[in-house]
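Participant: Following this line is query_39.pdb, made up of PDB, C-alpha atoms:
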ATOM      1  CA  MET A 782      17.145  16.962  19.777
ATOM      2  CA  LYS A 783      19.764  19.724  19.621
ATOM      3  CA  SER A 784      18.239  21.349  22.686
ATOM      4  CA  SER A 785      18.469  18.063  24.607
ATOM      5  CA  ASN A 786      22.095  17.637  23.642
ATOM      6  CA  PHE A 787      22.879  21.183  24.780
ATOM      7  CA  VAL A 788      21.235  20.583  28.160
ATOM      8  CA  PHE A 789      23.154  17.323  28.538
ATOM      9  CA  VAL A 790      26.465  19.062  27.800
ATOM     10  CA  ILE A 791      25.728  21.772  30.377
ATOM     11  CA  PHE A 792      24.735  19.143  32.938
ATOM     12  CA  LEU A 793      27.936  17.175  32.268
ATOM     13  CA  HIS A 794      30.039  20.328  32.664
ATOM     14  CA  ILE A 795      28.415  21.068  36.030
ATOM     15  CA  LEU A 796      29.063  17.492  37.183
ATOM     16  CA  MET A 797      32.733  17.761  36.202
ATOM     17  CA  GLN A 798      33.109  21.004  38.156
ATOM     18  CA  LEU A 799      31.467  19.461  41.215
ATOM     19  CA  PHE A 800      33.735  16.418  40.913
ATOM     20  CA  SER A 801      36.817  18.641  40.718
ATOM     21  CA  GLN A 802      35.727  20.502  43.834
ATOM     22  CA  CYS A 803      35.127  17.235  45.704
ATOM     23  CA  VAL A 804      38.541  15.907  44.773
ATOM     24  CA  SER A 805      40.219  19.099  46.013
ATOM     25  CA  GLN A 806      38.542  18.624  49.403
ATOM     26  CA  ASP A 807      39.318  14.917  49.722
ATOM     27  CA  PHE A 808      42.636  14.584  51.511
ATOM     28  CA  ASP A 809      43.617  13.507  55.015
ATOM     29  CA  TYR A 810      46.719  15.488  55.949
ATOM     30  CA  PHE A 811      49.665  17.478  54.594
ATOM     31  CA  CYS A 812      53.203  16.267  54.114
ATOM     32  CA  PHE A 813      55.652  19.152  54.576
ATOM     33  CA  VAL A 814      58.876  18.451  52.714
ATOM     34  CA  GLN A 815      62.218  20.208  53.090
ATOM     35  CA  SER A 816      65.314  19.490  50.970
ATOM     36  CA  TRP A 817      69.013  19.914  51.644
ATOM     37  CA  PRO A 818      70.464  21.965  48.738
ATOM     38  CA  GLY A 819      73.876  20.345  49.053
ATOM     39  CA  SER A 820      72.377  16.953  48.247
ATOM     40  CA  TYR A 821      70.313  18.318  45.366
ATOM     41  CA  CYS A 822      73.429  19.825  43.795
ATOM     42  CA  ASP A 823      75.926  17.087  44.659
ATOM     43  CA  THR A 824      74.776  14.632  42.000
ATOM     44  CA  ARG A 825      75.836  13.835  38.462
ATOM     45  CA  ARG A 826      73.039  16.116  37.247
ATOM     46  CA  GLY A 827      74.203  19.102  39.310
ATOM     47  CA  CYS A 828      72.106  22.215  39.830
ATOM     48  CA  CYS A 829      71.697  25.844  38.819
ATOM     49  CA  PHE A 830      71.492  28.611  41.391
ATOM     50  CA  PRO A 831      68.474  30.910  41.069
ATOM     51  CA  THR A 832      68.757  34.229  39.278
ATOM     52  CA  THR A 833      68.497  35.905  42.692
ATOM     53  CA  GLY A 834      71.800  34.312  43.790
ATOM     54  CA  LYS A 835      73.067  31.286  45.661
ATOM     55  CA  PRO A 836      70.636  30.163  48.389
ATOM     56  CA  LYS A 837      71.769  30.134  51.993
ATOM     57  CA  ALA A 838      73.140  26.923  53.476
ATOM     58  CA  ASP A 839      69.858  25.775  54.966
ATOM     59  CA  PHE A 840      67.083  23.317  54.227
ATOM     60  CA  GLY A 841      64.694  24.717  51.641
ATOM     61  CA  ILE A 842      61.024  23.996  51.179
ATOM     62  CA  HIS A 843      60.175  21.497  48.481
ATOM     63  CA  GLY A 844      56.436  21.477  49.031
ATOM     64  CA  LEU A 845      53.329  21.152  51.161
ATOM     65  CA  TRP A 846      51.552  18.099  49.782
ATOM     66  CA  PRO A 847      48.006  16.874  50.492
ATOM     67  CA  GLU A 848      48.090  13.141  51.195
ATOM     68  CA  TYR A 849      45.748  10.215  51.814
ATOM     69  CA  ASN A 850      46.171   7.954  54.829
ATOM     70  CA  ASP A 851      46.955   4.978  52.576
ATOM     71  CA  GLY A 852      50.069   6.661  51.163
ATOM     72  CA  SER A 853      48.564   7.839  47.872
ATOM     73  CA  TYR A 854      47.819  11.470  47.068
ATOM     74  CA  PRO A 855      45.618  13.689  44.900
ATOM     75  CA  SER A 856      47.178  15.928  42.261
ATOM     76  CA  ASN A 857      46.258  18.613  39.741
ATOM     77  CA  CYS A 858      42.810  18.953  41.278
ATOM     78  CA  ASP A 859      41.693  22.212  39.660
ATOM     79  CA  PRO A 860      43.088  23.147  36.231
ATOM     80  CA  HIS A 861      41.266  26.483  36.447
ATOM     81  CA  SER A 862      43.097  27.578  39.612
ATOM     82  CA  VAL A 863      46.469  28.447  38.103
ATOM     83  CA  PHE A 864      49.367  29.963  40.016
ATOM     84  CA  ASP A 865      49.172  33.767  40.126
ATOM     85  CA  PRO A 866      52.404  35.448  41.369
ATOM     86  CA  SER A 867      50.487  38.630  42.191
ATOM     87  CA  LEU A 868      48.577  36.771  44.913
ATOM     88  CA  VAL A 869      51.801  36.053  46.811
ATOM     89  CA  SER A 870      53.748  39.217  45.960
ATOM     90  CA  ASP A 871      54.015  40.120  49.649
ATOM     91  CA  LEU A 872      55.654  36.727  50.292
ATOM     92  CA  LYS A 873      58.105  36.852  47.384
ATOM     93  CA  GLU A 874      61.283  37.695  49.329
ATOM     94  CA  ASP A 875      60.431  35.102  51.968
ATOM     95  CA  LEU A 876      59.795  32.520  49.249
ATOM     96  CA  GLN A 877      63.097  33.312  47.552
ATOM     97  CA  ARG A 878      64.941  32.819  50.846
ATOM     98  CA  ASN A 879      63.135  29.718  52.063
ATOM     99  CA  TRP A 880      61.688  28.081  48.943
ATOM    100  CA  PRO A 881      64.479  28.531  46.376
ATOM    101  CA  THR A 882      64.688  26.795  43.025
ATOM    102  CA  LEU A 883      67.821  24.864  42.081
ATOM    103  CA  ALA A 884      66.576  23.457  38.782
ATOM    104  CA  CYS A 885      68.290  24.206  35.487
ATOM    105  CA  PRO A 886      68.113  26.557  33.730
ATOM    106  CA  SER A 887      68.247  29.218  36.422
ATOM    107  CA  GLY A 888      64.957  30.849  37.321
ATOM    108  CA  ASP A 889      63.407  33.324  39.725
ATOM    109  CA  GLY A 890      61.269  30.716  41.521
ATOM    110  CA  ASN A 891      57.922  31.365  39.853
ATOM    111  CA  ALA A 892      58.054  28.179  37.750
ATOM    112  CA  PHE A 893      58.855  26.069  40.833
ATOM    113  CA  TRP A 894      56.167  27.661  42.984
ATOM    114  CA  GLY A 895      53.690  27.431  40.114
ATOM    115  CA  HIS A 896      54.371  23.723  39.715
ATOM    116  CA  GLU A 897      53.854  23.113  43.439
ATOM    117  CA  TRP A 898      50.598  25.063  43.512
ATOM    118  CA  ASN A 899      49.172  23.567  40.318
ATOM    119  CA  LYS A 900      50.042  19.970  41.242
ATOM    120  CA  HIS A 901      49.580  20.006  45.036
ATOM    121  CA  GLY A 902      48.157  23.316  46.230
ATOM    122  CA  THR A 903      44.998  23.069  44.133
ATOM    123  CA  CYS A 904      44.126  19.923  46.084
ATOM    124  CA  SER A 905      44.193  21.856  49.363
ATOM    125  CA  GLU A 906      41.732  24.609  48.461
ATOM    126  CA  SER A 907      39.139  23.314  50.915
ATOM    127  CA  SER A 908      41.594  24.348  53.655
ATOM    128  CA  LEU A 909      43.918  26.930  52.131
ATOM    129  CA  ASN A 910      43.635  29.418  49.297
ATOM    130  CA  GLN A 911      46.683  30.223  47.185
ATOM    131  CA  HIS A 912      48.111  32.860  49.531
ATOM    132  CA  GLY A 913      47.311  30.754  52.589
ATOM    133  CA  TYR A 914      49.020  27.730  51.058
ATOM    134  CA  PHE A 915      52.363  29.468  50.613
ATOM    135  CA  ALA A 916      52.087  31.421  53.871
ATOM    136  CA  SER A 917      51.414  28.197  55.791
ATOM    137  CA  ALA A 918      54.468  26.501  54.284
ATOM    138  CA  LEU A 919      56.652  29.465  55.266
ATOM    139  CA  LYS A 920      55.289  29.381  58.832
ATOM    140  CA  LEU A 921      56.049  25.669  59.045
ATOM    141  CA  LYS A 922      59.589  26.330  57.839
ATOM    142  CA  ARG A 923      60.093  28.784  60.711
ATOM    143  CA  LYS A 924      58.515  26.326  63.145
ATOM    144  CA  ILE A 925      60.602  23.345  62.038
ATOM    145  CA  ASN A 926      64.209  24.543  61.958
ATOM    146  CA  LEU A 927      65.774  21.329  60.700
ATOM    147  CA  LEU A 928      69.325  22.625  60.408
ATOM    148  CA  GLY A 929      69.179  23.967  63.965
ATOM    149  CA  ILE A 930      67.733  20.689  65.241
ATOM    150  CA  LEU A 931      70.445  18.624  63.600
ATOM    151  CA  THR A 932      73.394  20.873  64.452
ATOM    152  CA  ASN A 933      72.245  20.967  68.084
ATOM    153  CA  SER A 934      72.640  17.186  67.990
ATOM    154  CA  ARG A 935      76.103  17.548  66.433
ATOM    155  CA  ILE A 936      74.901  16.441  63.022
ATOM    156  CA  LYS A 937      76.395  18.995  60.649
ATOM    157  CA  PRO A 938      76.622  19.486  56.862
ATOM    158  CA  ASP A 939      80.342  18.817  56.938
ATOM    159  CA  GLY A 940      80.641  16.047  54.348
ATOM    160  CA  ARG A 941      80.758  13.346  57.023
ATOM    161  CA  PHE A 942      78.534  10.291  57.416
ATOM    162  CA  TYR A 943      75.856   9.984  60.112
ATOM    163  CA  SER A 944      73.548   7.212  61.244
ATOM    164  CA  ILE A 945      70.080   7.540  59.718
ATOM    165  CA  ASN A 946      68.600   6.497  63.070
ATOM    166  CA  ARG A 947      70.547   9.253  64.822
ATOM    167  CA  ILE A 948      69.094  11.806  62.396
ATOM    168  CA  LYS A 949      65.566  10.508  62.939
ATOM    169  CA  ASN A 950      65.979  10.481  66.713
ATOM    170  CA  ALA A 951      67.220  14.074  66.772
ATOM    171  CA  ILE A 952      64.191  15.296  64.821
ATOM    172  CA  ARG A 953      61.766  13.176  66.851
ATOM    173  CA  GLU A 954      63.142  14.512  70.134
ATOM    174  CA  ALA A 955      62.794  18.112  68.916
ATOM    175  CA  THR A 956      59.366  17.866  67.269
ATOM    176  CA  GLY A 957      57.718  14.945  69.054
ATOM    177  CA  PHE A 958      57.203  13.056  65.788
ATOM    178  CA  THR A 959      59.197  10.614  63.672
ATOM    179  CA  PRO A 960      60.079  12.108  60.282
ATOM    180  CA  GLY A 961      60.219  10.452  56.915
ATOM    181  CA  ILE A 962      63.584  10.641  55.172
ATOM    182  CA  LYS A 963      64.627  10.246  51.557
ATOM    183  CA  CYS A 964      68.164  10.013  50.253
ATOM    184  CA  ASN A 965      69.820  10.394  46.882
ATOM    185  CA  VAL A 966      73.332   9.553  45.714
ATOM    186  CA  ASP A 967      76.311  11.739  44.850
ATOM    187  CA  GLY A 968      78.665  11.328  41.925
ATOM    188  CA  ASP A 969      80.544   8.600  43.820
ATOM    189  CA  SER A 970      77.311   6.699  44.588
ATOM    190  CA  ASN A 971      77.354   7.645  48.271
ATOM    191  CA  SER A 972      73.946   7.760  49.962
ATOM    192  CA  GLN A 973      73.291  11.303  51.188
ATOM    193  CA  LEU A 974      70.611  13.030  53.268
ATOM    194  CA  TYR A 975      68.262  14.674  50.792
ATOM    195  CA  GLU A 976      64.673  15.284  51.977
ATOM    196  CA  ILE A 977      62.874  15.260  55.322
ATOM    197  CA  PHE A 978      59.102  14.773  55.598
ATOM    198  CA  ILE A 979      57.010  16.040  58.499
ATOM    199  CA  CYS A 980      53.244  15.453  58.637
ATOM    200  CA  VAL A 981      50.822  18.280  59.384
ATOM    201  CA  ASP A 982      47.062  18.500  59.925
ATOM    202  CA  LYS A 983      44.643  19.571  57.172
ATOM    203  CA  ASN A 984      44.762  23.183  58.338
ATOM    204  CA  GLY A 985      48.517  23.309  57.794
ATOM    205  CA  LEU A 986      49.129  24.231  61.438
ATOM    206  CA  GLU A 987      49.786  21.341  63.819
ATOM    207  CA  LEU A 988      52.347  18.569  63.477
ATOM    208  CA  ILE A 989      50.881  15.060  63.575
ATOM    209  CA  ARG A 990      52.071  11.466  63.429
ATOM    210  CA  CYS A 991      52.556  10.373  59.827
ATOM    211  CA  PRO A 992      49.983   7.721  58.849
ATOM    212  CA  GLU A 993      52.402   6.555  56.176
ATOM    213  CA  LEU A 994      56.126   7.303  55.844
ATOM    214  CA  PRO A 995      57.907   7.453  52.470
ATOM    215  CA  LYS A 996      60.373   4.721  51.634
ATOM    216  CA  GLN A 997      63.823   5.872  52.706
ATOM    217  CA  ARG A 998      66.065   4.616  49.915
ATOM    218  CA  CYS A 999      68.812   5.292  52.436
ATOM    219  CA  LYS A1000      71.705   3.266  53.722
ATOM    220  CA  SER A1001      72.200   2.911  57.473
ATOM    221  CA  THR A1002      74.684   5.799  57.388
ATOM    222  CA  VAL A1003      74.358   8.769  55.047
ATOM    223  CA  GLU A1004      76.489  11.709  54.041
ATOM    224  CA  PHE A1005      75.440  15.215  55.035
ATOM    225  CA  PRO A1006      77.221  17.162  52.264
ATOM    226  CA  TYR A1007      78.538  20.704  52.277
ATOM    227  CA  PHE A1008      76.654  23.611  50.802
ATOM    228  CA  GLY A1009      79.210  26.239  51.637
ATOM    229  CA  ALA A1010      81.576  25.892  54.550
ATOM    230  CA  ILE A1011      79.845  25.692  57.927
ATOM    231  CA  THR A1012      81.738  26.990  60.943
ATOM    232  CA  THR A1013      80.875  27.706  64.551
ATOM    233  CA  ASN A1014      81.461  31.263  65.741
ATOM    234  CA  VAL A1015      82.474  32.397  69.214
ATOM    235  CA  ASN A1016      78.822  32.475  70.309
ATOM    236  CA  GLY A1017      78.355  28.834  69.381
ATOM    237  CA  THR A1018      75.988  29.512  66.474
ATOM    238  CA  MET A1019      76.415  28.198  62.950
ATOM    239  CA  GLU A1020      77.620  30.475  60.159
ATOM    240  CA  ASN A1021      77.888  29.967  56.425
ATOM    241  CA  VAL A1022      81.290  30.939  55.004
ATOM    242  CA  GLU A1023      81.718  31.206  51.244
ATOM    243  CA  ASP A1024      85.102  29.735  50.397
ATOM    244  CA  ALA A1025      85.630  28.259  46.937
ATOM    245  CA  ASP A1026      88.539  26.149  48.170
ATOM    246  CA  VAL A1027      86.388  24.124  50.577
ATOM    247  CA  LEU A1028      83.163  23.779  48.609
ATOM    248  CA  LYS A1029      82.408  20.388  47.110
ATOM    249  CA  LEU A1030      79.644  21.765  44.898
ATOM    250  CA  SER A1031      79.357  23.837  41.785
ATOM    251  CA  ALA A1032      76.412  24.946  39.715
ATOM    252  CA  ALA A1033      75.913  22.968  36.537
TER     253      ALA A1033
END
Write the structure described by the file as structure tokens, please.
Facilitator:
Amino acid sequence: MKSSNFVFVIFLHILMQLFSQCVSQDFDYFCFVQSWPGSYCDTRRGCCFPTTGKPKADFGIHGLWPEYNDGSYPSNCDPHSVFDPSLVSDLKEDLQRNWPTLACPSGDGNAFWGHEWNKHGTCSESSLNQHGYFASALKLKRKINLLGILTNSRIKPDGRFYSINRIKNAIREATGFTPGIKCNVDGDSNSQLYEIFICVDKNGLELIRCPELPKQRCKSTVEFPYFGAITTNVNGTMENVEDADVLKLSAA
């Protein structure tokens, strides 16, 4: 009897491992999400700059999320595949620049990246290993220069309000695809541009039409808040100028 029970336990363990592997392979596309740091910080909760210093005034990566076509998503697919910073050590400076943490208390990014890998990245292992997951997100960030796209359409992080349709149109014209947009609210309850979603194929390479877009939670016009003063230099390119007198934001 004991021998039978032992065999059954081993068999059950193997089934659970196979199920975990199947779940990690079962997704339809990626959702690549970038956040505007000014909107993250300009809330009642505030933010904390990373221990490496204040991030640049640019959209930062939030995550690369496996999704199902019906709008749901898998998560935490493989508890045994934990985030290992040594596997992405060659990407660390790039991650700090383009995937910064703004959560409190201040951190070096490892907790943020670990959360994204453990919750989302483990569900992409049929397509991307841990290094490939983060490298693909960084490549997508270089490919989809949201701040450049918007400023070229005269939509700037200047604290003014812009039509949500104008923002969508600018991104669609530049990428060929309609983005998903999420907003949050500042301390005065103004709707502000927060996150932009772009859909990508299962290999993390090609942009695709989103089968399902996230609910906007946006008003028809939204604020694009400061994150440092943005000016245009003599060459017509955007520059970030640190000036405490013009910043709306402060670390909590």
Participant: Can you tell me, as a PyMOL selection string, what residues are no more than 10 Å from region 821-824 of chain A when counting all atoms listed in the file, ignoring any on the same chain fewer than 3 positions away?
Facilitator: chain A and resi 816-818+827-830+883-884+964-971+973-976+1006-1008+1029-1033
Participant: What is the distance, in Å and to one decimal place, between CA of Ile952 (chain A) and CA of Leu927 (chain A)?
Facilitator: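 If I compute the distance from CA of Ile952 (chain A) to CA of Leu927 (chain A), I get 7.5 Å.
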Participant: Using the chain letters and numbers from this file, what does the PyMOL selection byres ((chain A and resi 903) around 7) select? Give the answer as a PyMOL selection string.
Facilitator: chain A and resi 805+857-859+862+898-902+904-906
Participant: Can you turn the PyMOL selection byres ((chain A and resi 916-923) around 10) into a concrete residue list for this file, as an NGL selection string?
Facilitator: :A and (813-815 or 840-846 or 869 or 871-872 or 875-876 or 878-880 or 909-915 or 924-927 or 979 or 981 or 984-988)
Participant: Give me the residues near Leu931 (chain A) as a list of chain:residue names, where near means some atom within 12 Å (using all atoms listed in the file) and where sequence neighbours in that chain fewer than 6 positions away do not count.
Facilitator: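 Everything that qualifies: A:Asp839, A:Phe840, A:Ile925, A:Lys937, A:Pro938, A:Asp939, A:Tyr943, A:Ile945, A:Arg947, A:Ile948, A:Lys949, A:Asn950, A:Ala951, A:Ile952, A:Arg953, A:Glu954, A:Ala955, A:Thr956, A:Leu974, A:Ile977, A:Phe1005, A:Met1019.
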Participant: Go through A:Lys996, A:Gly834, A:Arg990, A:Ser944 and flag the residue nearest Gly957 (chain A), using only C-alpha atoms for the distances.
Facilitator: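 Closest to Gly957 (chain A), using only C-alpha atoms: A:Arg990.
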Participant: With all atoms of region 864-881 of chain A from the file as input, state the centre and edge lengths in Å to one decimal of the axis-aligned box that has 3 Å extra on each side, as JSON.
Facilitator:
{"center_x": 56.8, "center_y": 34.1, "center_z": 46.0, "size_x": 22.4, "size_y": 18.0, "size_z": 18.0}
Participant: Of the candidates A:Pro960, A:Pro831, A:Pro847, A:Gly895, which one gets nearest to Gln877 (chain A) if we count all atoms listed in the file?
Facilitator: A:Pro831
